[in-house]
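Trainee: Quick one: this structure, given as structure tokens, is what I'll be asking you about.
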Number of protein chains: 2
Amino acid sequence: MGEILVPAGAAIIGLLGVVFLIVGILRANPGNEKMRELSRTIQEGAKTFLYREYRTVAILVAVVAIFLCLGPLFGRNVQVNWQTAIAFVIGVLCSALAGWIGMSIATRSNARTTQAATRGLRPALDISFSAGAVTGLSVVCVAFLGLVVVYLVSRVINPVIVEGRIMGNPLMVNGYAMGASLMALFARAGGGIYTKGADMGADLAGKVEAGIPEDDPRNAAVIADNVGDNVGDVAGLGADLLESYVESIIATLAIASSLAIVSLSYLPFYLAAWGIISSLLGVVYVKLIRVEDPQSALNGGTYLGAAFMIAGSFFIVRYFGVSYQGYSIFGPSWAIIGGVISGLALGKVSEYYTSSKYQPVKDLALSAQSGPAVIVVNGLAVGMLSTLIPVVIVAGATLVGYFVAGMYGIATAALGMLSILGITLAVDSYGPVVDNAGGIAEMTHLPPEVRKITDRLDAVGNTTAAIGKGFAIGSAAFAALGLITAYLATISLLSPNPLILSLADPTVLAGLLIGGMVPYLYGALLAKGVSRLAFEVVGEVRRQFKEIPGLMEGKGKADSSRCVDMATRGALKTMMLPGILAIVFPIGVGFVLGPIALGGFLVGSLVVGLPLGIHTANSGAAMDNAKKYIEEGNFGGKGSDAHKAAVIGDTVGDPLKDTVGPSINILIKLMSVISLVLAPIFVLFH
Amino acid sequence: MGEILVPAGAAIIGLLGVVFLIVGILRANPGNEKMRELSRTIQEGAKTFLYREYRTVAILVAVVAIFLCLGPLFGRNVQVNWQTAIAFVIGVLCSALAGWIGMSIATRSNARTTQAATRGLRPALDISFSAGAVTGLSVVCVAFLGLVVVYLVSRVINPVIVEGRIMGNPLMVNGYAMGASLMALFARAGGGIYTKGADMGADLAGKVEAGIPEDDPRNAAVIADNVGDNVGDVAGLGADLLESYVESIIATLAIASSLAIVSLSYLPFYLAAWGIISSLLGVVYVKLIRVEDPQSALNGGTYLGAAFMIAGSFFIVRYFGVSYQGYSIFGPSWAIIGGVISGLALGKVSEYYTSSKYQPVKDLALSAQSGPAVIVVNGLAVGMLSTLIPVVIVAGATLVGYFVAGMYGIATAALGMLSILGITLAVDSYGPVVDNAGGIAEMTHLPPEVRKITDRLDAVGNTTAAIGKGFAIGSAAFAALGLITAYLATISLLSPNPLILSLADPTVLAGLLIGGMVPYLYGALLAKGVSRLAFEVVGEVRRQFKEIPGLMEGKGKADSSRCVDMATRGALKTMMLPGILAIVFPIGVGFVLGPIALGGFLVGSLVVGLPLGIHTANSGAAMDNAKKYIEEGNFGGKGSDAHKAAVIGDTVGDPLKDTVGPSINILIKLMSVISLVLAPIFVLFH
């Protein structure tokens, strides 16, 4: 038991860090009355949305939990039962809790960041990065503690004996991951539809139709847009990565369990714990270092965390590792290195294709001069082109992991990639806070120097967001790969006859094809949902412009609460069908076509989802930044025809990059983890 | 030998039909001097392009042929040698010949169709359908005769003994398919870049910028656009389907050969021959039936052909078939039925999602009222949504084929789908002829009644094009599936140890991931190529508007030859890199990662390419028809804001539907057939 409690200590230390950061944020000056009011409005909107989202999901959680409890009806020995259901519910709760903490702090930090910006760049960076670090650290610490609790509970109520020792039960632990995954799907999809429905609606009605600037308080949808940043990019992203994080650990556990080697089951706990400490060191670095350039401060923290992780992994592996099947004892360390470096590389590639510092976005901005159709076609092409290197990285890291430590090495590489999530997510979550801070500066008419500082931080935030998105998609693919490997290991273990999932087997081929279609279907439903919501929001903003007396002259006051309410309802309504499909599809394939076809199905969804996710995310980000590049005065600047074309490109890209792309990650992970949990039923049923 | 010469007779009969149709076309009135001149210009442009395209490809063909001749250097017993090279070159020549015939007749029929339209709908349908039937029948007959020649030659120079009988060598026959495939890739990609570069350029400079109508003679790019219709939609499409047709036959042959059952090797020849006869009957029906509605005449011909094919297959199977491995002797007949019906269903699904008769396009047109960004997002979503049913059809037909006749059944289902290509391609190729005819009517200022008739035929042509595209993508996926199955069978046969391509094997997973990225990379290069070419064309048209005195007033004459030349050069230049990548990728994976990873690679490219191809093709077609629906007077009609938005959507969709989507089919097929041909080398090398 001590083997598990010691690493849990790292998460406790991490949470103490979170408390320390929160105290620091709350002590900061929250700004003048107007700023506080705006911040409160955004906070209320985000709270209301999350509360209602959680309530909606609760019904589905109850249904799934009951279904899990009924597992034994399929056969007496099926290890899907009330224990799985409990682990599942704990997973849902941990994800919801981490999302709530992140959102609460982010929405309390936006006006404080604006206020700090009146004192200069460094204080503003301080507050906003603290808010990001709260999200980053609370996600990993809550996730890890929840996992430890479930593992220890399973060790008490349904232990597994390995090499004569009492161990936790991986099948129950899988339920925990499934809970985190289900919550993540709705957080990401719901938040994504919310944020982009509001954003598109605000842009179309404001910037395009009425010709008023972004973040103009006369636009009733602006607050909803700001709320969306928090529920989508903070709570949604956090839930997404929390899931990947948990899954990379449980995939390692599941494979260790199929190998029946005790020390390999302990190893992931220690590696993850050391990852938390490394992330904490990275956070401390960013807080203490007195670098003026925010980008290099953030990069420094990330690299420091990565370096600590890599160095520490050798000591941990030396102490807990074991040589097996002819692999060196240091095999998992090499896999960790592969994972950490691949994760950083994935981010860099996304940055290259989506930042206006590099050629692709500059060329894209240039092509805007030929009109909206050309920039959209080129924007789609840039995203498609950007799939090359990330896919090769994921495939390469898989081969490296396997080469150094077998199947276990593949899962360990995924764990390595996600181990320093505390710092990478901190860097990523700082973006929405400064984005909000800029909006508040604009709406409260603060002096232009303030907006300049928030703009500079926001530009850095866009870069970190691009890096974060590339990292999120790549690591999700890796986590899914770990889960699929674990699924294949599990069905082979459970099946009475040896199972071979050969490509020459038509059921595998059929599974692959159907699995490959699901990300498209899912993406279509989300994209349609966003544009339907945007359509409603546009109608409402137009109505207010017309009906509220004096609004356009700045005398009347826009009724933002109606847009917030509209976005909340619309997002919750739209997320249900794709969410339910993501649950029903793997279950349907598992029952109708069997566990072998389901293996093909999962691989198919990964093989399609990875490039589709990268394509949509990077196409959108590239068009967004091409627009910003033109706004900086290139190719005619604001108001030129090139700019108008780029705004259309940006609007097309919005739902691609913030709704479709990121949600596809979770779709793949959720389908994989559901299959892993229900594998015993499918095997028995067929 | 007689067993092969008898079916070849069907192709001879088919070619006699082609001659008969050609005579009928050439006898028709070619119209007034102006119309003849336009027709000649288009013909010259198309000829020049095809000639230069063939010349460019010839160099690559020579390189590949030499590489094939060097096969024995890898090992004395490697069956890749000068014989493969000869078969390869014959394949290239047959594809080029069929493309040339189709293009020559189509460009001679356009003005004749316009002239016939002055006499009414039926005479115009007569000419244009004859031209389509020439393409359809010459593609299948030339392809089939070439295959018979190669098969018989291989029987003489390098026979295989099966059940004591001398048979043709499937390894040599594979080279024939590879030749057809290589030619198809360049015909489709080159033609696709040409047609859409010219089309986008003409639209952007003419309709959008200068505000002049489509097909206006003042626009220098209009002729290039019309040339593009012929080289892309006639020669390119023909080469694409010729390839699928050949591959469905050779996949059946390869699997029959691995089963070592003589009669199963003869069966595909007889089934294909009966398919030619059935298609001919369908053509005769369309020519003779006196129905006024062109759509129902064309549908009638297709259904009649399908019915004959299905009925005849039972007699053929009863006579030549054999019961094996416990499958019924009629197994292949059921597979044929599955294939024929799936092919028709695939077309219908595409029609549903892309025709303005149905809800999806109507909704899309409605959303154009919210601006260009919304229609593009929704257009992309419609295409994504439309992947659901086709993928399920392909997966279902695969399972049905396997269930009734094993691996051989999967290939037979593909053969069934493509057996009546003569009539389906005839229906499909009639479209570009009437499209051209409408352009000629516009440019020569014929009375509006004439344009009305060509417009009505063109509307039908758009529907048949949508059906044809759905069919082309689905059947390509099926042909690729047959090839991949044959590849897996071949490497298992050649390898000294039993090969298992298990999904749990990381090299297979890495192959799957990398294979899944290639269609994106390829699509990106094509899309970029189209927009680069369009950019150049826009510049040229603008320059002519400015520099040619009196052009806008209709006194000067646009210099269309420069645009034709520009499009030719641009298309040839742009098609090389993606084309070479399509050859280099499978070879690289085969050598570096081995034949097992290559199996994963091929499956990965299929799993991604199928939905990506459907998505791009249907998104583009839906946006095209949404624009047309608005032009019919809905949601404000021509000139309204909705129309402007829809024009942008259409322009985005153009390269997606006519360049990216269709080329991805061929990419998958080419990579599969290259792998099949070079399998002996990869197996030996690893």
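Scheme for the structure tokens: letters A, B, ... for chains in order shown; per-chain residue numbers from 1; ligand numbers from 1 in order shown.
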For A:Tyr194, work out the shell of residues within 6 Å, counting only C-alpha atoms and skipping chain neighbours fewer than 4 positions away, then give it as a PyMOL selection string.
Mentor: chain A and resi 228+567+571
Trainee: Using N, CA, C and O atoms, can you export the residues from the last selection as a PDB file, in the first residue's frame?
Mentor:
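Below is the file selection.pdb, written as the result:
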ATOM      1  N   GLY A 228     -17.578  31.743 -23.190  1.00  0.00           N
ATOM      2  CA  GLY A 228     -17.181  30.576 -23.977  1.00  0.00           C
ATOM      3  C   GLY A 228     -15.703  30.278 -23.856  1.00  0.00           C
ATOM      4  O   GLY A 228     -15.306  29.120 -23.761  1.00  0.00           O
ATOM      5  N   ALA A 567     -26.859  30.515 -25.792  1.00  0.00           N
ATOM      6  CA  ALA A 567     -25.695  29.684 -26.066  1.00  0.00           C
ATOM      7  C   ALA A 567     -25.696  28.455 -25.156  1.00  0.00           C
ATOM      8  O   ALA A 567     -25.371  27.341 -25.584  1.00  0.00           O
ATOM      9  N   ALA A 571     -25.931  24.835 -26.797  1.00  0.00           N
ATOM     10  CA  ALA A 571     -24.795  23.919 -26.663  1.00  0.00           C
ATOM     11  C   ALA A 571     -25.230  22.616 -26.012  1.00  0.00           C
ATOM     12  O   ALA A 571     -24.852  21.527 -26.448  1.00  0.00           O
TER      13      ALA A 571
END
Trainee: Output the contact residues of chain B with respect to chain A at a cut-off of 6 Å, based on only C-alpha atoms, as a list of chain:residue names.
Mentor: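 Result, ordered by chain then number: B:Ala373, B:Val377, B:Ala381, B:Met384, B:Leu385, B:Ala395, B:Leu501, B:Ser502, B:Leu503, B:Ala510, B:Leu513, B:Gly516, B:Tyr520, B:Leu521, B:Ala524, B:Val607, B:Val608, B:Ile648, B:Thr651, B:Val652.
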Trainee: Any chance you can output those residues with C-alpha atoms as a PDB file, in the first residue's frame?
Mentor:
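The new file selection_1.pdb reads:
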ATOM      1  CA  ALA B 373     -18.655  31.483 -43.804  1.00  0.00           C
ATOM      2  CA  VAL B 377     -19.093  25.405 -42.760  1.00  0.00           C
ATOM      3  CA  ALA B 381     -20.642  19.429 -42.710  1.00  0.00           C
ATOM      4  CA  MET B 384     -18.903  14.872 -43.786  1.00  0.00           C
ATOM      5  CA  LEU B 385     -22.365  13.650 -42.927  1.00  0.00           C
ATOM      6  CA  ALA B 395     -18.364  -2.456 -45.372  1.00  0.00           C
ATOM      7  CA  LEU B 501      -0.853  -8.711 -40.093  1.00  0.00           C
ATOM      8  CA  SER B 502      -2.225  -8.287 -36.620  1.00  0.00           C
ATOM      9  CA  LEU B 503      -3.582  -4.988 -35.367  1.00  0.00           C
ATOM     10  CA  ALA B 510       2.583   2.570 -37.622  1.00  0.00           C
ATOM     11  CA  LEU B 513      -1.181   5.744 -39.239  1.00  0.00           C
ATOM     12  CA  GLY B 516      -3.864   7.415 -43.224  1.00  0.00           C
ATOM     13  CA  TYR B 520      -4.322  14.377 -46.623  1.00  0.00           C
ATOM     14  CA  LEU B 521      -0.848  15.229 -47.832  1.00  0.00           C
ATOM     15  CA  ALA B 524      -3.209  19.385 -49.754  1.00  0.00           C
ATOM     16  CA  VAL B 607      -9.742   3.782 -44.369  1.00  0.00           C
ATOM     17  CA  VAL B 608      -8.921   7.505 -44.539  1.00  0.00           C
ATOM     18  CA  ILE B 648     -17.969  31.746 -52.676  1.00  0.00           C
ATOM     19  CA  THR B 651     -15.664  28.252 -55.556  1.00  0.00           C
ATOM     20  CA  VAL B 652     -14.357  26.648 -52.354  1.00  0.00           C
TER      21      VAL B 652
END
Trainee: List as an MDAnalysis selection string the protein and nucleic acid residues near A:Leu242, meaning an atom at most 7 Å away when only C-alpha atoms are counted, but skip any in the same chain fewer than 3 places from it.
Mentor: chainID A and resid 95 139:140 143 238:239 245:246
Trainee: Do a neighbour search on stretch 86-91 of chain B at 6 Å with only C-alpha atoms, toss out local chain neighbours closer than 4 positions, and write the hits as a list in words.
Mentor: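 The neighbour list is Gly175, Tyr176, Met178, Gly179 and Ala180 of chain B.
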Trainee: Got time to write the residues from that selection, N, CA and C atoms, as a compact mmCIF listing (two decimals), in the first residue's frame?
Mentor:
# COMPACT_ATOMS: atom_id res chain seq x y z
N GLY B 175 0.98 -6.22 -63.56
CA GLY B 175 1.72 -5.12 -64.17
C GLY B 175 0.83 -4.30 -65.09
N TYR B 176 -0.08 -4.98 -65.77
CA TYR B 176 -1.02 -4.28 -66.65
C TYR B 176 -1.87 -3.30 -65.85
N MET B 178 -1.12 -1.99 -63.03
CA MET B 178 -0.29 -0.91 -62.53
C MET B 178 -0.12 0.18 -63.59
N GLY B 179 0.03 -0.24 -64.84
CA GLY B 179 0.14 0.74 -65.92
C GLY B 179 -1.12 1.58 -66.04
N ALA B 180 -2.27 0.88 -66.02
CA ALA B 180 -3.54 1.61 -66.12
C ALA B 180 -3.67 2.59 -64.95
Trainee: Atom CA of A:Ser104 and atom CA of A:Gly416 are how many Å apart?
Mentor: 29.1 Å
Trainee: Using only C-alpha atoms, which protein or nucleic acid residues come within 7 Å of B:Trp82? Drop anything in the same chain fewer than 2 positions from it, and give the result as a list in words.
Mentor: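 Near neighbours after the sequence-gap exclusion: Leu68, Cys69, Thr84, Ala85 and Ile86 of chain B.
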Trainee: Please, could you write that set of residues out with N, CA, C and O atoms as a compact mmCIF listing (two decimals), in the first residue's frame?
Mentor:
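Saved result, again.txt, follows:
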# COMPACT_ATOMS: atom_id res chain seq x y z
N LEU B 68 11.22 -1.86 -63.09
CA LEU B 68 10.60 -3.18 -63.07
C LEU B 68 11.51 -4.22 -63.70
O LEU B 68 11.63 -5.35 -63.22
N CYS B 69 12.19 -3.82 -64.81
CA CYS B 69 13.10 -4.74 -65.49
C CYS B 69 14.24 -5.17 -64.56
O CYS B 69 14.78 -6.27 -64.69
N THR B 84 6.82 -8.00 -66.58
CA THR B 84 5.98 -7.05 -65.84
C THR B 84 6.03 -5.68 -66.53
O THR B 84 5.00 -5.00 -66.65
N ALA B 85 7.24 -5.30 -66.95
CA ALA B 85 7.41 -3.99 -67.58
C ALA B 85 6.58 -3.89 -68.86
O ALA B 85 5.94 -2.86 -69.12
N ILE B 86 6.58 -4.95 -69.65
CA ILE B 86 5.79 -4.92 -70.89
C ILE B 86 4.31 -4.79 -70.57
O ILE B 86 3.59 -3.95 -71.14
Trainee: Run DSSP on the backbone and tell me which residues of stretch 186-303 of chain B come out as helix (DSSP H, G or I); list them as number ranges by chain.
Mentor: B: 186-210, 222-259, 262-288, 294-303
Trainee: Env of stretch 635-640 of chain A: 8 Å cut, atoms = only C-alpha atoms, seq-sep filter 5 positions within chain, self excluded. Answer as a list in words.
Mentor: Ala365, Leu366, Gln369 and Ile630 of chain A
Trainee: Could you dump the residues just selected with N, CA and C atoms as a PDB file, in the first residue's frame?
Mentor:
ATOM      1  N   ALA A 365      -2.009  34.478 -45.770  1.00  0.00           N
ATOM      2  CA  ALA A 365      -2.477  35.866 -45.715  1.00  0.00           C
ATOM      3  C   ALA A 365      -2.357  36.513 -47.096  1.00  0.00           C
ATOM      4  N   LEU A 366      -1.266  36.223 -47.774  1.00  0.00           N
ATOM      5  CA  LEU A 366      -1.071  36.748 -49.132  1.00  0.00           C
ATOM      6  C   LEU A 366      -2.204  36.316 -50.047  1.00  0.00           C
ATOM      7  N   GLN A 369      -5.687  37.993 -50.742  1.00  0.00           N
ATOM      8  CA  GLN A 369      -5.900  39.039 -51.742  1.00  0.00           C
ATOM      9  C   GLN A 369      -6.731  38.545 -52.920  1.00  0.00           C
ATOM     10  N   ILE A 630      -2.883  40.114 -41.201  1.00  0.00           N
ATOM     11  CA  ILE A 630      -3.352  41.209 -42.059  1.00  0.00           C
ATOM     12  C   ILE A 630      -3.734  42.407 -41.205  1.00  0.00           C
TER      13      ILE A 630
END
Trainee: Hey, what's within 8 Å of B:Gly102 if we count only C-alpha atoms and toss same-chain stuff fewer than 3 positions away? As a list in words, please?
Mentor: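 Residues near the query, excluding close chain neighbours: Ala98, Gly99, Ile105, Ala106, Ala131, Gly132, Val134, Thr135, Ser138, Val234, Ala235 and Gly238 of chain B.
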Trainee: Put those residues in a file: all heavy atoms, as a compact mmCIF listing (two decimals), in the first residue's frame.
Mentor:
# COMPACT_ATOMS: atom_id res chain seq x y z
N ALA B 98 -7.93 4.83 -74.51
CA ALA B 98 -9.34 5.00 -74.17
C ALA B 98 -9.64 6.46 -73.86
O ALA B 98 -10.67 7.01 -74.27
CB ALA B 98 -9.71 4.11 -72.98
N GLY B 99 -8.73 7.11 -73.12
CA GLY B 99 -8.91 8.53 -72.80
C GLY B 99 -8.96 9.38 -74.06
O GLY B 99 -9.79 10.28 -74.20
N ILE B 105 -14.06 12.28 -79.25
CA ILE B 105 -15.47 12.26 -79.61
C ILE B 105 -16.26 13.29 -78.81
O ILE B 105 -17.12 14.01 -79.36
CB ILE B 105 -16.05 10.84 -79.43
CG1 ILE B 105 -15.32 9.86 -80.35
CG2 ILE B 105 -17.55 10.83 -79.69
CD1 ILE B 105 -15.31 10.28 -81.82
N ALA B 106 -15.94 13.42 -77.53
CA ALA B 106 -16.67 14.40 -76.72
C ALA B 106 -16.48 15.80 -77.27
O ALA B 106 -17.45 16.57 -77.39
CB ALA B 106 -16.19 14.34 -75.27
N ALA B 131 -22.13 10.37 -77.45
CA ALA B 131 -20.75 10.70 -77.10
C ALA B 131 -20.37 10.05 -75.77
O ALA B 131 -19.28 9.49 -75.62
CB ALA B 131 -20.58 12.21 -77.02
N GLY B 132 -21.30 10.12 -74.80
CA GLY B 132 -21.03 9.48 -73.51
C GLY B 132 -20.84 7.98 -73.67
O GLY B 132 -19.94 7.38 -73.06
N VAL B 134 -19.79 6.39 -76.24
CA VAL B 134 -18.48 6.09 -76.85
C VAL B 134 -17.42 5.99 -75.76
O VAL B 134 -16.63 5.04 -75.71
CB VAL B 134 -18.10 7.18 -77.88
CG1 VAL B 134 -16.64 7.05 -78.29
CG2 VAL B 134 -19.00 7.07 -79.11
N THR B 135 -17.42 6.97 -74.84
CA THR B 135 -16.46 6.91 -73.74
C THR B 135 -16.67 5.65 -72.91
O THR B 135 -15.74 4.88 -72.64
CB THR B 135 -16.60 8.15 -72.83
OG1 THR B 135 -16.34 9.30 -73.61
CG2 THR B 135 -15.64 8.09 -71.67
N SER B 138 -15.89 2.38 -74.97
CA SER B 138 -14.49 2.20 -75.38
C SER B 138 -13.60 1.97 -74.16
O SER B 138 -12.65 1.20 -74.22
CB SER B 138 -13.99 3.37 -76.24
OG SER B 138 -14.16 4.58 -75.59
N VAL B 234 -14.01 13.89 -68.81
CA VAL B 234 -14.13 12.79 -69.77
C VAL B 234 -12.88 11.90 -69.70
O VAL B 234 -12.95 10.75 -69.28
CB VAL B 234 -14.35 13.30 -71.21
CG1 VAL B 234 -14.38 12.13 -72.19
CG2 VAL B 234 -15.64 14.09 -71.30
N ALA B 235 -11.72 12.45 -70.07
CA ALA B 235 -10.51 11.63 -70.11
C ALA B 235 -10.10 11.20 -68.70
O ALA B 235 -9.77 10.03 -68.46
CB ALA B 235 -9.38 12.40 -70.78
N GLY B 238 -12.69 8.74 -67.20
CA GLY B 238 -12.59 7.47 -67.92
C GLY B 238 -11.39 6.66 -67.45
O GLY B 238 -11.49 5.46 -67.18
Trainee: Give the answer as one residue: which of A:Val537, A:Asn81, A:Ile42, A:Tyr285 has the shortest atom-to-atom distance to A:Asp199, using only C-alpha atoms?
Mentor: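 Under the stated criterion, the closest residue is A:Val537.
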Trainee: Using only C-alpha atoms, can you tell me which of B:Thr114, B:Ser248, B:Ser265, B:Ser492 comes closest to B:Ser419?
Mentor: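 Comparing B:Thr114, B:Ser248, B:Ser265, B:Ser492 against B:Ser419, the winner is B:Ser248.
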